[in-house]
Amino acid sequence: MRLGKDFFNRDCLEVAPDLVGKVIVRKQENGEEIRVRITETEAYRGTEDKACHASKGRTPRTEILYRESGLIYVYLCYGIHWLMNVITGEPEQPQGVLFRAGENYCGPARLTKKLGVDKSFNGRSFTEDDEIWIEDDGKKFPIRTDRRVGIDYAGEEWASKPWRFILDENQK
């Protein structure tokens with residue numbers, strides 16, 4: 001079942017763990033579908049979260065974080081890697097969830113590369129797009145939490161928050 005707007009219109013700390021185990025579907029030009037199970041996510045929660053892009057203020061880059069839930073936020077990391085997020089929560093309350101890994105694709109850049117996601121997906125909607133969406137196939141998986149990755153610049157308080165959600169292979 002395809003996830004609808006109601007799924008994403010919740011706090012990122014609810015959506016992020018609930019996305020683990022769901023399936024990202026990317027329909028290619030030839031009609032074939034790439035399906036990847038989400039194995040890891042990270043939550044970024046508002047202007048107070050020093051690791052969230054919105055913490056630096058409202059800019060053309062972060063404007064999408066203030067829009068409606070279910071939208072895709074894609075940005076360039078280190079000038080070479082496209083990373084994909086989904087906007088969550090209410091408009092004007094910037095937050096989102098980073099897709100950190102998928103089954104057989106460890107790392108957010110490898111995942112977006114496999115799916116063929118680039119800047120052209122920024123602003124599209126997981127709930128309305130015919131080329132990319134997320135499904136719930138009914139399978140449930142245990143998850144564990146850990147600190148977020150690569151955000152030491154945000155300070156220990158924010159880097160140490162257990163806002164990374166990981167499909168727990170040891171509990172399957």
# chains A, B, ... in the order shown; residues from 1 in each chain; ligands from 1
$ residues_around --residues "A:Asp49" --least-positions-apart "6" --cutoff "9 Å" --atoms "only C-alpha atoms" --output "PyMOL selection string"
chain A and resi 55+154+158
$ select_by_dssp --residues "stretch 80-138 of chain A" --states "strand (DSSP E or B)" --output "ChimeraX atom specification"
/A:81-87,95-102,105-106,125,132-135
$ closest_residue --among "A:Thr145, A:Thr59, A:Thr47, A:Thr88" --to "A:Lys5" --atoms "only C-alpha atoms"
A:Thr88
$ residues_around --residues "A:Asn9" --least-positions-apart "4" --cutoff "8 Å" --atoms "only C-alpha atoms" --output "list in words"
Lys5, Glu68, Ser69, Gly70, Thr88, Gly89 and Glu90 of chain A
$ closest_residue --among "A:Gly79, A:Gly46, A:Gly107, A:Pro91" --to "A:Leu13" --atoms "only C-alpha atoms"
A:Gly46
$ residues_around --residues "A:Gly116" --least-positions-apart "5" --cutoff "12 Å" --atoms "only C-alpha atoms" --output "PyMOL selection string"
chain A and resi 24-29+33-35+74+81-84+109-111+121+131-132
$ closest_residue --among "A:Gly155, A:Gly150, A:Pro162, A:Pro142" --to "A:Asp18" --atoms "only C-alpha atoms"
A:Pro142
$ residues_around --residues "A:Asn170" --least-positions-apart "4" --cutoff "12 Å" --atoms "only C-alpha atoms" --output "JSON, numbers by chain"
{"A": [141, 142, 143, 144, 166]}
$ atom_distance --atom1 "atom CA of A:Asp6" --atom2 "atom CA of A:Glu103"
25.2 Å
$ residues_around --residues "A:Ala16" --least-positions-apart "6" --cutoff "10 Å" --atoms "only C-alpha atoms" --output "ChimeraX atom specification"
/A:8,10,40-44,86,88,96-99,163-166
$ residues_around --residues "A:Val23" --least-positions-apart "5" --cutoff "8 Å" --atoms "only C-alpha atoms" --output "ChimeraX atom specification"
/A:35-38,134-137
$ write_last_selection --atoms "N, CA, C and O atoms" --output "PDB file, in the first residue's frame"
ATOM      1  N   ARG A  35      12.996  -1.316  -6.370  1.00  0.00           N
ATOM      2  CA  ARG A  35      12.400  -1.358  -5.031  1.00  0.00           C
ATOM      3  C   ARG A  35      13.512  -1.582  -4.014  1.00  0.00           C
ATOM      4  O   ARG A  35      14.258  -2.549  -4.135  1.00  0.00           O
ATOM      5  N   VAL A  36      13.583  -0.692  -3.043  1.00  0.00           N
ATOM      6  CA  VAL A  36      14.615  -0.801  -2.010  1.00  0.00           C
ATOM      7  C   VAL A  36      13.968  -0.630  -0.640  1.00  0.00           C
ATOM      8  O   VAL A  36      13.291   0.370  -0.384  1.00  0.00           O
ATOM      9  N   ARG A  37      14.187  -1.616   0.233  1.00  0.00           N
ATOM     10  CA  ARG A  37      13.668  -1.527   1.602  1.00  0.00           C
ATOM     11  C   ARG A  37      14.524  -0.545   2.394  1.00  0.00           C
ATOM     12  O   ARG A  37      15.746  -0.614   2.371  1.00  0.00           O
ATOM     13  N   ILE A  38      13.881   0.367   3.096  1.00  0.00           N
ATOM     14  CA  ILE A  38      14.565   1.361   3.912  1.00  0.00           C
ATOM     15  C   ILE A  38      15.078   0.672   5.176  1.00  0.00           C
ATOM     16  O   ILE A  38      14.316   0.040   5.905  1.00  0.00           O
ATOM     17  N   ILE A 134       6.591   5.635  -1.686  1.00  0.00           N
ATOM     18  CA  ILE A 134       6.971   4.701  -0.624  1.00  0.00           C
ATOM     19  C   ILE A 134       5.770   3.823  -0.315  1.00  0.00           C
ATOM     20  O   ILE A 134       4.643   4.310  -0.212  1.00  0.00           O
ATOM     21  N   GLU A 135       6.036   2.528  -0.187  1.00  0.00           N
ATOM     22  CA  GLU A 135       4.984   1.554   0.092  1.00  0.00           C
ATOM     23  C   GLU A 135       5.201   0.862   1.429  1.00  0.00           C
ATOM     24  O   GLU A 135       6.333   0.691   1.877  1.00  0.00           O
ATOM     25  N   ASP A 136       4.100   0.444   2.010  1.00  0.00           N
ATOM     26  CA  ASP A 136       4.108  -0.414   3.184  1.00  0.00           C
ATOM     27  C   ASP A 136       3.637  -1.782   2.716  1.00  0.00           C
ATOM     28  O   ASP A 136       2.489  -1.940   2.313  1.00  0.00           O
ATOM     29  N   ASP A 137       4.544  -2.755   2.727  1.00  0.00           N
ATOM     30  CA  ASP A 137       4.167  -4.097   2.286  1.00  0.00           C
ATOM     31  C   ASP A 137       3.697  -4.976   3.451  1.00  0.00           C
ATOM     32  O   ASP A 137       3.513  -6.177   3.304  1.00  0.00           O
TER      33      ASP A 137
END
$ closest_residue --among "A:Asp118, A:Glu92, A:Glu169, A:Asp11" --to "A:Leu76" --atoms "only C-alpha atoms"
A:Asp118
$ closest_residue --among "A:Arg147, A:Asp152, A:Asn104, A:Gly123" --to "A:Glu63" --atoms "only C-alpha atoms"
A:Gly123
$ closest_residue --among "A:Asn85, A:Val20, A:Arg45, A:Pro94" --to "A:Tyr66" --atoms "only C-alpha atoms"
A:Pro94
$ select_by_dssp --residues "stretch 21-140 of chain A" --states "alpha helix (DSSP H)" --output "VMD selection string"
chain A and resid 108 to 115
$ atom_distance --atom1 "atom CA of A:Arg148" --atom2 "atom CA of A:Thr62"
19.8 Å
$ atom_distance --atom1 "atom CA of A:Ile72" --atom2 "atom CA of A:Asn122"
5.5 Å
$ decode --residues "stretch 131-160 of chain A" --atoms "N, CA, C and O atoms" --output "CSV table (one decimal), in the first residue's frame"
chain,number,residue,atom,x,y,z
A,131,GLU,N,6.6,8.6,-10.4
A,131,GLU,CA,8.0,8.1,-10.6
A,131,GLU,C,8.6,7.6,-9.3
A,131,GLU,O,9.6,6.8,-9.3
A,132,ILE,N,8.2,8.1,-8.2
A,132,ILE,CA,8.8,7.7,-6.9
A,132,ILE,C,7.8,7.8,-5.8
A,132,ILE,O,7.0,8.8,-5.7
A,133,TRP,N,7.7,6.8,-5.0
A,133,TRP,CA,6.8,6.7,-3.8
A,133,TRP,C,7.3,5.7,-2.8
A,133,TRP,O,8.3,5.1,-3.0
A,134,ILE,N,6.6,5.6,-1.7
A,134,ILE,CA,7.0,4.7,-0.6
A,134,ILE,C,5.8,3.8,-0.3
A,134,ILE,O,4.6,4.3,-0.2
A,135,GLU,N,6.0,2.5,-0.2
A,135,GLU,CA,5.0,1.6,0.1
A,135,GLU,C,5.2,0.9,1.4
A,135,GLU,O,6.3,0.7,1.9
A,136,ASP,N,4.1,0.4,2.0
A,136,ASP,CA,4.1,-0.4,3.2
A,136,ASP,C,3.6,-1.8,2.7
A,136,ASP,O,2.5,-1.9,2.3
A,137,ASP,N,4.5,-2.8,2.7
A,137,ASP,CA,4.2,-4.1,2.3
A,137,ASP,C,3.7,-5.0,3.5
A,137,ASP,O,3.5,-6.2,3.3
A,138,GLY,N,3.5,-4.3,4.6
A,138,GLY,CA,3.0,-5.1,5.8
A,138,GLY,C,4.0,-5.8,6.6
A,138,GLY,O,3.7,-6.2,7.7
A,139,LYS,N,5.3,-5.9,6.2
A,139,LYS,CA,6.3,-6.5,6.9
A,139,LYS,C,6.7,-5.6,8.1
A,139,LYS,O,6.9,-4.4,7.9
A,140,LYS,N,7.0,-6.2,9.2
A,140,LYS,CA,7.4,-5.5,10.4
A,140,LYS,C,8.8,-5.9,10.8
A,140,LYS,O,9.1,-7.1,10.7
A,141,PHE,N,9.6,-5.0,11.2
A,141,PHE,CA,11.0,-5.3,11.6
A,141,PHE,C,11.3,-4.6,12.9
A,141,PHE,O,10.9,-3.5,13.2
A,142,PRO,N,12.2,-5.2,13.7
A,142,PRO,CA,12.6,-4.5,14.9
A,142,PRO,C,13.6,-3.5,14.6
A,142,PRO,O,14.3,-3.6,13.6
A,143,ILE,N,13.6,-2.4,15.3
A,143,ILE,CA,14.6,-1.3,15.0
A,143,ILE,C,15.3,-1.0,16.3
A,143,ILE,O,14.9,-1.3,17.4
A,144,ARG,N,16.5,-0.4,16.1
A,144,ARG,CA,17.2,0.2,17.3
A,144,ARG,C,17.6,1.6,17.0
A,144,ARG,O,17.5,2.0,15.8
A,145,THR,N,18.0,2.3,18.0
A,145,THR,CA,18.3,3.7,17.8
A,145,THR,C,19.8,3.9,18.0
A,145,THR,O,20.5,3.1,18.7
A,146,ASP,N,20.3,5.0,17.5
A,146,ASP,CA,21.7,5.4,17.7
A,146,ASP,C,21.8,6.9,17.5
A,146,ASP,O,20.9,7.5,17.0
A,147,ARG,N,23.0,7.4,17.8
A,147,ARG,CA,23.2,8.8,17.5
A,147,ARG,C,23.3,9.1,16.0
A,147,ARG,O,23.7,8.2,15.2
A,148,ARG,N,23.0,10.3,15.6
A,148,ARG,CA,23.1,10.6,14.2
A,148,ARG,C,24.6,10.7,13.7
A,148,ARG,O,25.5,10.9,14.5
A,149,VAL,N,24.7,10.6,12.4
A,149,VAL,CA,26.1,10.5,11.8
A,149,VAL,C,26.5,11.8,11.2
A,149,VAL,O,25.7,12.4,10.5
A,150,GLY,N,27.8,12.2,11.3
A,150,GLY,CA,28.4,13.3,10.5
A,150,GLY,C,27.9,14.6,10.9
A,150,GLY,O,27.9,15.5,10.1
A,151,ILE,N,27.4,14.8,12.1
A,151,ILE,CA,26.9,16.1,12.5
A,151,ILE,C,27.6,16.7,13.8
A,151,ILE,O,27.0,17.4,14.5
A,152,ASP,N,28.9,16.4,13.9
A,152,ASP,CA,29.6,16.9,15.1
A,152,ASP,C,29.6,18.4,15.2
A,152,ASP,O,29.7,19.0,16.3
A,153,TYR,N,29.5,19.1,14.0
A,153,TYR,CA,29.4,20.6,14.0
A,153,TYR,C,28.2,21.1,14.8
A,153,TYR,O,28.2,22.2,15.3
A,154,ALA,N,27.2,20.3,15.1
A,154,ALA,CA,26.0,20.7,15.8
A,154,ALA,C,26.2,20.7,17.3
A,154,ALA,O,25.4,21.2,18.0
A,155,GLY,N,27.3,20.2,17.8
A,155,GLY,CA,27.6,20.1,19.2
A,155,GLY,C,27.1,18.8,19.8
A,155,GLY,O,26.3,18.1,19.2
A,156,GLU,N,27.7,18.4,20.9
A,156,GLU,CA,27.5,17.1,21.5
A,156,GLU,C,26.0,16.9,21.9
A,156,GLU,O,25.5,15.8,21.7
A,157,GLU,N,25.3,17.9,22.4
A,157,GLU,CA,23.9,17.8,22.7
A,157,GLU,C,23.1,17.3,21.6
A,157,GLU,O,22.3,16.3,21.7
A,158,TRP,N,23.3,17.8,20.4
A,158,TRP,CA,22.5,17.5,19.2
A,158,TRP,C,23.0,16.2,18.5
A,158,TRP,O,22.3,15.4,18.0
A,159,ALA,N,24.3,16.1,18.5
A,159,ALA,CA,24.9,14.9,17.8
A,159,ALA,C,24.6,13.6,18.6
A,159,ALA,O,24.5,12.6,18.0
A,160,SER,N,24.4,13.7,19.9
A,160,SER,CA,24.2,12.5,20.7
A,160,SER,C,22.8,12.1,20.8
A,160,SER,O,22.5,11.0,21.4
